[in-house]
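S.K.: Got a structure for you, questions after.
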Amino acid sequence: MIAITAPTGNIGSHLLSRLLRSAPPEEGLRVVVRDPARLPDEVRERVEVITGSHGDPEVVDRAFAGADAVFWLVPPDSSLTPEAAYSGFTRPAAQALAAHGVGHVVGVSALGRGTPVADRAGLVTASLAMDDLIASTGVAHRALACPSFFENLLEEADSIREKGVFTDLVDANRKAPMVAVTDIAAAAAALLLDRTWTGADSVPVLGPRDLSPADLARIMTEQLGRPVRYERQSYDDLYSALVGHGLDAAFVQGIVDMKRAKDDGLDAGVPRTDESSSPTSFEQWCVQVLKPAVLT
């Protein structure tokens, strides 16, 4: 039995689809979801559904009972502090993992462990502390150490369509890994289905190559057939904008600190190898995902 949290999100939906295609018949799939209606009918018919939040002690107690493996993803809550949004949300799950003797957990986390900026990286620091909390239960744990997602650019789709502009806080020429959520889901599925691993470790998922904002602008210009340029936003402007939208000030500071750490090399601490590289290129992603979002 594999228990899957956040099954309707960007990563979880791809993971669930992949497991439904590739898991052996004897492998049960159980999902934890606030609103079962968000699951397609053909999915609901093939999985066991636990309704509720996976931050709820009673819900995770039911979800993890009899489970051999768990996919753990915390949807960050911008109304909370980073510690509360990550470790605070995860503490009931950690207790349930230990209580039910769950063998394996695959979680979504971030790059940066072991780098000089890991302790001042805002949301990433909080995510790494969450990993430590899960590992402290004694479960075999693999944290998928992810860089920024291609999908973050979907938040800029309107600006790209209307102004030909996307923004971030890093230097235009700073190259860093980036990854598609489908590649993260594929890495998670492989670990969940082959539970021969032990201990606690990180598994980097880095995409096929490092890219700078200048690279992204060039590729988007080529693939969308219209000029796209990068504008570097200031930390103060981002902070003011997010607080103005009602986000918790400590959470916003966590976002700003994460962005600053990325510009200081947070994502550069893992050497790229064939094993850590994943297949989906930014060019492919632009054609398959970004272009329909921008041009329709």
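By convention here, the chains of the structure tokens are called A, B, ... in the order presented, each chain's residues are numbered starting at 1, and ligands are numbered starting at 1 in the order presented.
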Excluding Ser278 in chain A and any residue of its chain fewer than 2 positions from it, enumerate the residues within 10 Å of it, using only C-alpha atoms, and give them as a list in words.

M.R.: Met178, Val179, Ala180, Thr182, Asp183, Ile184, Ala186, Ala187, Pro204, Val205, Leu206, Gly207, Pro208, Arg209, Thr273, Asp274, Glu275, Ser276, Thr280 and Ser281 of chain A

S.K.: Which of range 43-80 of chain A end up as strand (DSSP E or B) when DSSP is run on this backbone - answer as number ranges by chain?

M.R.: A: 48-51, 69-72

S.K.: Looking at only C-alpha atoms, which of A:Ser234, A:Arg62, A:Tyr86, A:Leu29 is the one that sits closest to Val47 in chain A?

M.R.: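 Answer, going by the shortest atom-to-atom distance: A:Leu29.
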
S.K.: Taking into account only C-alpha atoms, which residue in the set A:Ala241, A:Ala3, A:Val252, A:Val294 is nearest to Ser159 in chain A?

M.R.: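 Among the listed residues, A:Val294 lies closest to Ser159 in chain A.
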
S.K.: Quick one: everything within 9 Å of Gly269 in chain A, counting only C-alpha atoms, minus sequence neighbours fewer than 5 positions away in the same chain. Send it as a PyMOL selection string.

M.R.: chain A and resi 111-115

S.K.: For the residues in that selection, give me all heavy atoms as a short mmCIF file (atom, residue, chain, number, x, y, z; two decimals), in the first residue's frame.

M.R.:
data_model
loop_
_atom_site.label_atom_id
_atom_site.label_comp_id
_atom_site.auth_asym_id
_atom_site.auth_seq_id
_atom_site.Cartn_x
_atom_site.Cartn_y
_atom_site.Cartn_z
N LEU A 111 17.02 21.66 -2.86
CA LEU A 111 18.47 21.68 -2.86
C LEU A 111 18.98 22.65 -1.79
O LEU A 111 18.27 23.55 -1.37
CB LEU A 111 18.99 22.14 -4.22
CG LEU A 111 18.81 21.18 -5.39
CD1 LEU A 111 19.17 21.89 -6.69
CD2 LEU A 111 19.68 19.94 -5.21
N GLY A 112 20.23 22.47 -1.41
CA GLY A 112 20.86 23.43 -0.52
C GLY A 112 21.53 22.84 0.69
O GLY A 112 22.36 23.50 1.32
N ARG A 113 21.18 21.60 1.08
CA ARG A 113 21.78 21.01 2.27
C ARG A 113 23.31 20.97 2.13
O ARG A 113 23.84 20.55 1.09
CB ARG A 113 21.23 19.60 2.50
CG ARG A 113 21.71 18.96 3.81
CD ARG A 113 21.09 17.60 4.03
NE ARG A 113 19.65 17.67 4.26
CZ ARG A 113 19.10 17.94 5.45
NH1 ARG A 113 19.87 18.19 6.50
NH2 ARG A 113 17.79 17.97 5.59
N GLY A 114 23.99 21.41 3.16
CA GLY A 114 25.44 21.39 3.16
C GLY A 114 26.10 22.61 2.54
O GLY A 114 27.32 22.74 2.59
N THR A 115 25.32 23.53 1.98
CA THR A 115 25.90 24.74 1.40
C THR A 115 26.06 25.79 2.50
O THR A 115 25.39 25.74 3.54
CB THR A 115 25.02 25.30 0.28
OG1 THR A 115 23.76 25.71 0.84
CG2 THR A 115 24.76 24.26 -0.80
#

S.K.: Near Ala135 in chain A, counting only C-alpha atoms, which residues have an atom at most 10 Å away, once you skip same-chain residues fewer than 5 positions from it, shown as number ranges by chain?

M.R.: A: 94, 105, 129-130, 140-143, 199-201
